[in-house]
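Source file: upload-v7.txt; contents: compact mmCIF, N, CA and C atoms.
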# COMPACT_ATOMS: atom_id res chain seq x y z
N MET E 251 -13.81 0.25 10.09
CA MET E 251 -12.47 -0.27 10.19
C MET E 251 -11.99 -0.04 11.62
N ASP E 252 -11.57 -1.13 12.27
CA ASP E 252 -11.16 -0.98 13.67
C ASP E 252 -9.67 -0.63 13.77
N GLY E 253 -9.24 -0.38 14.99
CA GLY E 253 -7.87 0.04 15.23
C GLY E 253 -6.83 -0.98 14.80
N ALA E 254 -7.11 -2.27 15.00
CA ALA E 254 -6.16 -3.31 14.61
C ALA E 254 -6.01 -3.36 13.10
N GLN E 255 -7.11 -3.19 12.40
CA GLN E 255 -7.06 -3.17 10.93
C GLN E 255 -6.27 -1.96 10.44
N GLN E 256 -6.52 -0.82 11.04
CA GLN E 256 -5.80 0.39 10.66
C GLN E 256 -4.31 0.25 10.97
N ALA E 257 -3.98 -0.37 12.10
CA ALA E 257 -2.57 -0.56 12.47
C ALA E 257 -1.88 -1.49 11.47
N ALA E 258 -2.58 -2.54 11.02
CA ALA E 258 -2.00 -3.46 10.04
C ALA E 258 -1.72 -2.74 8.72
N ILE E 259 -2.63 -1.89 8.32
CA ILE E 259 -2.43 -1.12 7.09
C ILE E 259 -1.27 -0.16 7.25
N HIS E 260 -1.22 0.53 8.37
CA HIS E 260 -0.12 1.47 8.63
C HIS E 260 1.22 0.74 8.61
N GLN E 261 1.29 -0.43 9.25
CA GLN E 261 2.53 -1.20 9.28
C GLN E 261 2.94 -1.63 7.87
N ALA E 262 1.97 -2.04 7.06
CA ALA E 262 2.25 -2.41 5.67
C ALA E 262 2.82 -1.22 4.90
N LEU E 263 2.25 -0.05 5.13
CA LEU E 263 2.75 1.15 4.44
C LEU E 263 4.17 1.49 4.86
N MET E 264 4.50 1.25 6.13
CA MET E 264 5.87 1.48 6.59
C MET E 264 6.82 0.51 5.89
N THR E 265 6.39 -0.73 5.70
CA THR E 265 7.19 -1.72 4.99
C THR E 265 7.40 -1.29 3.54
N VAL E 266 6.34 -0.77 2.93
CA VAL E 266 6.44 -0.28 1.55
C VAL E 266 7.42 0.88 1.47
N GLN E 267 7.28 1.84 2.37
CA GLN E 267 8.18 3.00 2.35
C GLN E 267 9.64 2.57 2.49
N HIS E 268 9.88 1.61 3.36
CA HIS E 268 11.24 1.12 3.54
C HIS E 268 11.75 0.47 2.25
N ALA E 269 10.92 -0.33 1.61
CA ALA E 269 11.31 -0.98 0.36
C ALA E 269 11.55 0.03 -0.74
N VAL E 270 10.69 1.01 -0.84
CA VAL E 270 10.81 2.01 -1.91
C VAL E 270 12.10 2.80 -1.78
N THR E 271 12.52 3.09 -0.56
CA THR E 271 13.74 3.87 -0.39
C THR E 271 14.97 3.08 -0.78
N ARG E 272 14.88 1.74 -0.79
CA ARG E 272 16.02 0.89 -1.16
C ARG E 272 16.03 0.54 -2.64
N MET E 273 14.98 0.86 -3.35
CA MET E 273 14.85 0.48 -4.75
C MET E 273 15.19 1.65 -5.66
N SER E 274 15.56 1.33 -6.88
CA SER E 274 15.81 2.40 -7.85
C SER E 274 14.60 2.53 -8.76
N PHE E 275 14.00 3.69 -8.71
CA PHE E 275 12.84 4.03 -9.53
C PHE E 275 13.14 5.32 -10.26
N ARG E 276 12.38 5.54 -11.31
CA ARG E 276 12.38 6.89 -11.87
C ARG E 276 11.76 7.79 -10.81
N GLY E 277 12.15 9.02 -10.78
CA GLY E 277 11.65 9.95 -9.77
C GLY E 277 10.14 10.05 -9.72
N CYS E 278 9.50 10.08 -10.88
CA CYS E 278 8.04 10.24 -10.90
C CYS E 278 7.35 9.00 -10.34
N ASP E 279 7.92 7.80 -10.58
CA ASP E 279 7.32 6.59 -10.05
C ASP E 279 7.39 6.57 -8.53
N GLN E 280 8.52 6.97 -7.99
CA GLN E 280 8.66 7.02 -6.54
C GLN E 280 7.71 8.07 -5.96
N ASP E 281 7.58 9.19 -6.63
CA ASP E 281 6.66 10.23 -6.18
C ASP E 281 5.22 9.74 -6.20
N ASP E 282 4.86 8.98 -7.23
CA ASP E 282 3.49 8.43 -7.32
C ASP E 282 3.22 7.47 -6.17
N LEU E 283 4.19 6.63 -5.85
CA LEU E 283 4.01 5.70 -4.73
C LEU E 283 3.90 6.45 -3.41
N THR E 284 4.73 7.45 -3.24
CA THR E 284 4.67 8.25 -2.02
C THR E 284 3.32 8.94 -1.89
N GLU E 285 2.81 9.45 -2.99
CA GLU E 285 1.49 10.10 -2.97
C GLU E 285 0.39 9.10 -2.60
N ALA E 286 0.45 7.90 -3.14
CA ALA E 286 -0.54 6.87 -2.82
C ALA E 286 -0.46 6.49 -1.33
N ILE E 287 0.74 6.34 -0.82
CA ILE E 287 0.92 6.04 0.60
C ILE E 287 0.33 7.16 1.45
N ASP E 288 0.60 8.40 1.08
CA ASP E 288 0.06 9.54 1.82
C ASP E 288 -1.46 9.56 1.82
N ARG E 289 -2.06 9.21 0.69
CA ARG E 289 -3.53 9.19 0.59
C ARG E 289 -4.12 8.14 1.53
N VAL E 290 -3.49 6.99 1.62
CA VAL E 290 -3.98 5.96 2.54
C VAL E 290 -3.80 6.43 3.98
N GLU E 291 -2.64 6.98 4.30
CA GLU E 291 -2.40 7.48 5.66
C GLU E 291 -3.42 8.55 6.05
N GLU E 292 -3.76 9.42 5.11
CA GLU E 292 -4.79 10.44 5.38
C GLU E 292 -6.10 9.78 5.77
N GLN E 293 -6.49 8.74 5.04
CA GLN E 293 -7.74 8.05 5.33
C GLN E 293 -7.71 7.37 6.70
N LEU E 294 -6.55 6.89 7.09
CA LEU E 294 -6.44 6.21 8.39
C LEU E 294 -6.62 7.17 9.56
N HIS E 295 -6.51 8.47 9.30
CA HIS E 295 -6.61 9.45 10.38
C HIS E 295 -7.93 10.22 10.40
N VAL E 296 -8.87 9.84 9.55
CA VAL E 296 -10.18 10.49 9.59
C VAL E 296 -11.12 9.61 10.42
N PRO E 297 -12.18 10.22 10.99
CA PRO E 297 -13.09 9.44 11.84
C PRO E 297 -13.74 8.23 11.14
N HIS E 298 -14.06 8.36 9.87
CA HIS E 298 -14.69 7.28 9.11
C HIS E 298 -13.93 7.06 7.81
N PRO E 299 -12.86 6.24 7.87
CA PRO E 299 -12.05 6.02 6.67
C PRO E 299 -12.87 5.42 5.53
N ASN E 300 -12.55 5.83 4.33
CA ASN E 300 -13.20 5.32 3.13
C ASN E 300 -12.51 4.02 2.73
N ALA E 301 -13.11 2.89 3.09
CA ALA E 301 -12.49 1.58 2.84
C ALA E 301 -12.26 1.33 1.36
N SER E 302 -13.17 1.78 0.53
CA SER E 302 -13.03 1.59 -0.91
C SER E 302 -11.80 2.33 -1.44
N LEU E 303 -11.60 3.54 -0.99
CA LEU E 303 -10.45 4.33 -1.41
C LEU E 303 -9.15 3.71 -0.91
N ILE E 304 -9.16 3.25 0.33
CA ILE E 304 -7.98 2.59 0.89
C ILE E 304 -7.65 1.35 0.08
N SER E 305 -8.65 0.55 -0.22
CA SER E 305 -8.45 -0.66 -1.00
C SER E 305 -7.87 -0.34 -2.37
N GLN E 306 -8.42 0.67 -3.01
CA GLN E 306 -7.95 1.07 -4.34
C GLN E 306 -6.47 1.45 -4.30
N PHE E 307 -6.08 2.25 -3.33
CA PHE E 307 -4.68 2.69 -3.25
C PHE E 307 -3.74 1.56 -2.85
N LEU E 308 -4.14 0.72 -1.89
CA LEU E 308 -3.28 -0.39 -1.50
C LEU E 308 -3.04 -1.35 -2.66
N ASN E 309 -4.09 -1.66 -3.39
CA ASN E 309 -3.94 -2.54 -4.55
C ASN E 309 -3.08 -1.89 -5.62
N SER E 310 -3.22 -0.60 -5.80
CA SER E 310 -2.41 0.12 -6.78
C SER E 310 -0.94 0.11 -6.39
N ILE E 311 -0.66 0.31 -5.12
CA ILE E 311 0.73 0.28 -4.63
C ILE E 311 1.33 -1.10 -4.88
N ALA E 312 0.61 -2.14 -4.49
CA ALA E 312 1.13 -3.50 -4.66
C ALA E 312 1.31 -3.83 -6.14
N ARG E 313 0.38 -3.39 -6.97
CA ARG E 313 0.48 -3.64 -8.42
C ARG E 313 1.73 -2.96 -8.98
N SER E 314 2.04 -1.79 -8.48
CA SER E 314 3.22 -1.06 -8.95
C SER E 314 4.52 -1.74 -8.52
N LEU E 315 4.48 -2.44 -7.41
CA LEU E 315 5.68 -3.05 -6.85
C LEU E 315 5.86 -4.52 -7.21
N ARG E 316 4.83 -5.17 -7.68
CA ARG E 316 4.86 -6.64 -7.81
C ARG E 316 5.94 -7.18 -8.74
N ALA E 317 6.41 -6.40 -9.68
CA ALA E 317 7.45 -6.88 -10.60
C ALA E 317 8.86 -6.71 -10.03
N GLN E 318 8.95 -6.08 -8.87
CA GLN E 318 10.26 -5.83 -8.26
C GLN E 318 10.56 -6.91 -7.22
N PRO E 319 11.53 -7.78 -7.47
CA PRO E 319 11.83 -8.84 -6.51
C PRO E 319 12.13 -8.32 -5.10
N GLU E 320 12.79 -7.17 -5.02
CA GLU E 320 13.13 -6.63 -3.70
C GLU E 320 11.92 -6.05 -2.96
N ALA E 321 10.77 -6.01 -3.61
CA ALA E 321 9.55 -5.49 -2.98
C ALA E 321 8.59 -6.62 -2.57
N ARG E 322 9.05 -7.86 -2.65
CA ARG E 322 8.17 -8.98 -2.32
C ARG E 322 7.61 -8.86 -0.91
N GLU E 323 8.46 -8.55 0.05
CA GLU E 323 8.01 -8.42 1.44
C GLU E 323 6.94 -7.33 1.57
N ALA E 324 7.13 -6.24 0.87
CA ALA E 324 6.16 -5.14 0.92
C ALA E 324 4.82 -5.58 0.33
N CYS E 325 4.85 -6.30 -0.78
CA CYS E 325 3.61 -6.78 -1.40
C CYS E 325 2.88 -7.75 -0.48
N LEU E 326 3.64 -8.63 0.18
CA LEU E 326 3.03 -9.58 1.11
C LEU E 326 2.45 -8.86 2.33
N ALA E 327 3.11 -7.81 2.76
CA ALA E 327 2.59 -7.02 3.89
C ALA E 327 1.28 -6.34 3.50
N ILE E 328 1.22 -5.83 2.28
CA ILE E 328 -0.03 -5.22 1.81
C ILE E 328 -1.12 -6.28 1.72
N GLU E 329 -0.80 -7.45 1.17
CA GLU E 329 -1.79 -8.52 1.05
C GLU E 329 -2.32 -8.92 2.42
N ASP E 330 -1.44 -9.02 3.40
CA ASP E 330 -1.84 -9.36 4.75
C ASP E 330 -2.76 -8.30 5.34
N ALA E 331 -2.40 -7.03 5.16
CA ALA E 331 -3.21 -5.93 5.69
C ALA E 331 -4.57 -5.87 5.01
N ILE E 332 -4.60 -6.09 3.70
CA ILE E 332 -5.86 -6.11 2.96
C ILE E 332 -6.76 -7.21 3.52
N GLY E 333 -6.18 -8.38 3.74
CA GLY E 333 -6.96 -9.50 4.29
C GLY E 333 -7.48 -9.20 5.68
N LYS E 334 -6.65 -8.65 6.55
CA LYS E 334 -7.07 -8.33 7.92
C LYS E 334 -8.18 -7.29 7.93
N ALA E 335 -8.14 -6.38 6.97
CA ALA E 335 -9.15 -5.31 6.91
C ALA E 335 -10.42 -5.77 6.18
N GLY E 336 -10.38 -6.96 5.60
CA GLY E 336 -11.55 -7.45 4.87
C GLY E 336 -11.79 -6.73 3.56
N LEU E 337 -10.72 -6.21 2.98
CA LEU E 337 -10.83 -5.48 1.72
C LEU E 337 -10.55 -6.43 0.55
N PRO E 338 -11.06 -6.10 -0.63
CA PRO E 338 -10.78 -6.96 -1.79
C PRO E 338 -9.34 -6.80 -2.27
N SER E 339 -8.75 -7.93 -2.62
CA SER E 339 -7.39 -7.94 -3.14
C SER E 339 -7.45 -8.18 -4.64
N THR E 340 -6.99 -7.19 -5.40
CA THR E 340 -7.03 -7.30 -6.85
C THR E 340 -5.67 -7.13 -7.50
N TRP E 341 -4.66 -6.86 -6.71
CA TRP E 341 -3.35 -6.50 -7.27
C TRP E 341 -2.66 -7.65 -8.01
N GLN E 342 -3.04 -8.90 -7.73
CA GLN E 342 -2.40 -10.02 -8.39
C GLN E 342 -3.14 -10.46 -9.64
N THR E 343 -4.26 -9.83 -9.94
CA THR E 343 -5.04 -10.17 -11.11
C THR E 343 -4.20 -9.94 -12.37
N GLY E 344 -4.21 -10.92 -13.24
CA GLY E 344 -3.50 -10.77 -14.50
C GLY E 344 -2.06 -11.21 -14.48
N ILE E 345 -1.61 -11.76 -13.35
CA ILE E 345 -0.22 -12.22 -13.29
C ILE E 345 -0.14 -13.57 -13.95
Now that the file is in, can you turn its structure into C-alpha cells?
Amino acid sequence: MDGAQQAAIHQALMTVQHAVTRMSFRGCDQDDLTEAIDRVEEQLHVPHPNASLISQFLNSIARSLRAQPEAREACLAIEDAIGKAGLPSTWQTGI
C-alpha cells in the first residue's frame, strides 16, 4: 500500500469521525466505530499494513453507517478510499 492510498484511507476515516460525532448513537455503537477506526489507523502506521484487515474494518465501518442518511458522505469517502487502495468493497452487499 503506497502513501497516496494510505492518505486516502486516513482522509476517509477523518470524514467518518466527523460524521460520527454529529450523529446520535448508543454509546457502545459509537465506541465500536471508534475502535474500528483506531484499528485501521494502527495499520496505516506499521511498515507493512495488513490490507485484508484494513479492508475488513473499512467495510465494517461503512456497513454500520450505511443506514444513516447523515453518514452518506462518510460511506462514499470509504468507498472511494477502498477503490483507490484496490481493496474489495463488500459493505453494500445485501442492500
Do a neighbour search on region 309-317 of chain E at 8 Å with only N, CA and C atoms, toss out local chain neighbours closer than 4 positions, and write the hits as a ChimeraX atom specification. /E:282-283,286-287,303-305,321-322,324-326,328-329,332,338-343
Would you output that residue set with N, CA and C atoms, as a CSV table (one decimal), keeping the file's coordinate frame?
chain,number,residue,atom,x,y,z
E,282,ASP,N,4.9,9.0,-7.2
E,282,ASP,CA,3.5,8.4,-7.3
E,282,ASP,C,3.2,7.5,-6.2
E,283,LEU,N,4.2,6.6,-5.8
E,283,LEU,CA,4.0,5.7,-4.7
E,283,LEU,C,3.9,6.4,-3.4
E,286,ALA,N,0.4,7.9,-3.1
E,286,ALA,CA,-0.5,6.9,-2.8
E,286,ALA,C,-0.5,6.5,-1.3
E,287,ILE,N,0.7,6.3,-0.8
E,287,ILE,CA,0.9,6.0,0.6
E,287,ILE,C,0.3,7.2,1.4
E,303,LEU,N,-11.6,3.5,-1.0
E,303,LEU,CA,-10.4,4.3,-1.4
E,303,LEU,C,-9.2,3.7,-0.9
E,304,ILE,N,-9.2,3.2,0.3
E,304,ILE,CA,-8.0,2.6,0.9
E,304,ILE,C,-7.6,1.4,0.1
E,305,SER,N,-8.6,0.6,-0.2
E,305,SER,CA,-8.4,-0.7,-1.0
E,305,SER,C,-7.9,-0.3,-2.4
E,321,ALA,N,10.8,-6.0,-3.6
E,321,ALA,CA,9.6,-5.5,-3.0
E,321,ALA,C,8.6,-6.6,-2.6
E,322,ARG,N,9.0,-7.9,-2.6
E,322,ARG,CA,8.2,-9.0,-2.3
E,322,ARG,C,7.6,-8.9,-0.9
E,324,ALA,N,7.1,-6.2,0.9
E,324,ALA,CA,6.2,-5.1,0.9
E,324,ALA,C,4.8,-5.6,0.3
E,325,CYS,N,4.8,-6.3,-0.8
E,325,CYS,CA,3.6,-6.8,-1.4
E,325,CYS,C,2.9,-7.8,-0.5
E,326,LEU,N,3.6,-8.6,0.2
E,326,LEU,CA,3.0,-9.6,1.1
E,326,LEU,C,2.4,-8.9,2.3
E,328,ILE,N,1.2,-5.8,2.3
E,328,ILE,CA,0.0,-5.2,1.8
E,328,ILE,C,-1.1,-6.3,1.7
E,329,GLU,N,-0.8,-7.4,1.2
E,329,GLU,CA,-1.8,-8.5,1.0
E,329,GLU,C,-2.3,-8.9,2.4
E,332,ILE,N,-4.6,-6.1,3.7
E,332,ILE,CA,-5.9,-6.1,3.0
E,332,ILE,C,-6.8,-7.2,3.5
E,338,PRO,N,-11.1,-6.1,-0.6
E,338,PRO,CA,-10.8,-7.0,-1.8
E,338,PRO,C,-9.3,-6.8,-2.3
E,339,SER,N,-8.8,-7.9,-2.6
E,339,SER,CA,-7.4,-7.9,-3.1
E,339,SER,C,-7.4,-8.2,-4.6
E,340,THR,N,-7.0,-7.2,-5.4
E,340,THR,CA,-7.0,-7.3,-6.8
E,340,THR,C,-5.7,-7.1,-7.5
E,341,TRP,N,-4.7,-6.9,-6.7
E,341,TRP,CA,-3.4,-6.5,-7.3
E,341,TRP,C,-2.7,-7.6,-8.0
E,342,GLN,N,-3.0,-8.9,-7.7
E,342,GLN,CA,-2.4,-10.0,-8.4
E,342,GLN,C,-3.1,-10.5,-9.6
E,343,THR,N,-4.3,-9.8,-9.9
E,343,THR,CA,-5.0,-10.2,-11.1
E,343,THR,C,-4.2,-9.9,-12.4
Using the chain letters and numbers from this document, which residues of chain E does DSSP assign to helix (DSSP H, G or I), as an MDAnalysis selection string? chainID E and resid 253:272 277:294 301:315 319:335
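Using only C-alpha atoms for every distance, the candidate list E:Leu308, E:Val290, E:Ala335, E:Val270 yields E:Ala335 as the residue closest to Gly253 (chain E).
The nearest approach to Glu291 (chain E) among the residues E:Glu323, E:Gly344, E:Gln306, E:Ile259, with all atoms listed in the file taken into account, belongs to E:Ile259.
Our summary of the geometry notes that atom N of Ala257 (chain E) is positioned 26.9 Å from atom N of Asp279 (chain E).
Atom N of Asp330 (chain E) lies 19.1 Å from atom N of His295 (chain E).
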